[in-house]
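J.: Please see the structure below; I have some questions.
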Amino acid sequence: RTSSTNFGNVEVPFHIHRERPDFSALDASRVPKGQRVGTVPVKTISCAGLVAAYGRPHIIKIDAEGADHACLESLRRVGAAPRYLSAELPNILRDGTDPAVDLVSLLASMGYANFKLCRQSLYNARTVVAVDQETNLS
């Protein structure tokens, strides 16, 4: 998992997936070396930095390719949890249950008492194109 301290007006490496650009990520472990076509530096800003610049959002959808937890953590630190939130549930098949439990614990620490958890793989294009959820290959 990408650390929440790695984001906030710094450059970080973004790893490009050879065959599926939509599988590119900030977290190198999400892009297998054999499928990585390259890495480019990208400038970042924390979600807390966005709140400081534009105000507290009413709703936020986080899809930060490996930095979702870092975004939530930065919002928690500044007390800027939006009323409504959408974030990706970690891949339990690949990563085990600990990251998912960590996410639910983080959401609870931010004041969320009610939420719906959905497996992304049931609702995205991977299901349609029959991409293996563990290898990201067809």
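Following the order of the structure tokens, chains are lettered A, B, ..., residues in each are numbered from 1, and ligands are numbered from 1.
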Set the distance at 7 Å and use only C-alpha atoms: which residues neighbour range 43-53 of chain A once local chain neighbours fewer than 4 positions away are removed? I'd like the list as a ChimeraX atom specification.

T.: /A:7-12,71,74-75,78

J.: Report as a PyMOL selection string all protein, DNA and RNA residues lying within 8 Å of His15 in chain A, evaluated on only C-alpha atoms, omitting residues in the same chain fewer than 4 positions from it.

T.: chain A and resi 24-28+31+36-40

J.: Select, from A:Ala113, A:Leu93, A:Ala80, A:Ala100, the residue with the minimum atom-to-atom distance to Gly55 in chain A, counting only C-alpha atoms.

T.: A:Ala80

J.: Report the distance between CA of Ser109 in chain A and CA of Asn91 in chain A in Å, rounded to one decimal place.

T.: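 CA of Ser109 in chain A sits 21.3 Å away from CA of Asn91 in chain A.
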
J.: According to DSSP computed on the backbone, where in range 5-107 of chain A is there alpha helix (DSSP H)? Give the residues as a PyMOL selection string.

T.: chain A and resi 47-54+68-77+92-95+98-107

J.: Using only C-alpha atoms, which residue out of A:Asp95, A:Asp63, A:Asp102, A:Glu73 lies closest to Arg30 in chain A?

T.: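 Ranked by minimum distance to Arg30 in chain A, first place goes to A:Asp95.
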
J.: Tell me, in Å to one decimal, how far CA of Phe115 in chain A is from CA of Arg94 in chain A.

T.: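 Rounded to one decimal, the two atoms are 22.9 Å apart.
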
J.: Quick one: pick out all strand (DSSP E) residues within range 11-135 of chain A from a backbone DSSP run and write them as a count of residues only.

T.: 21
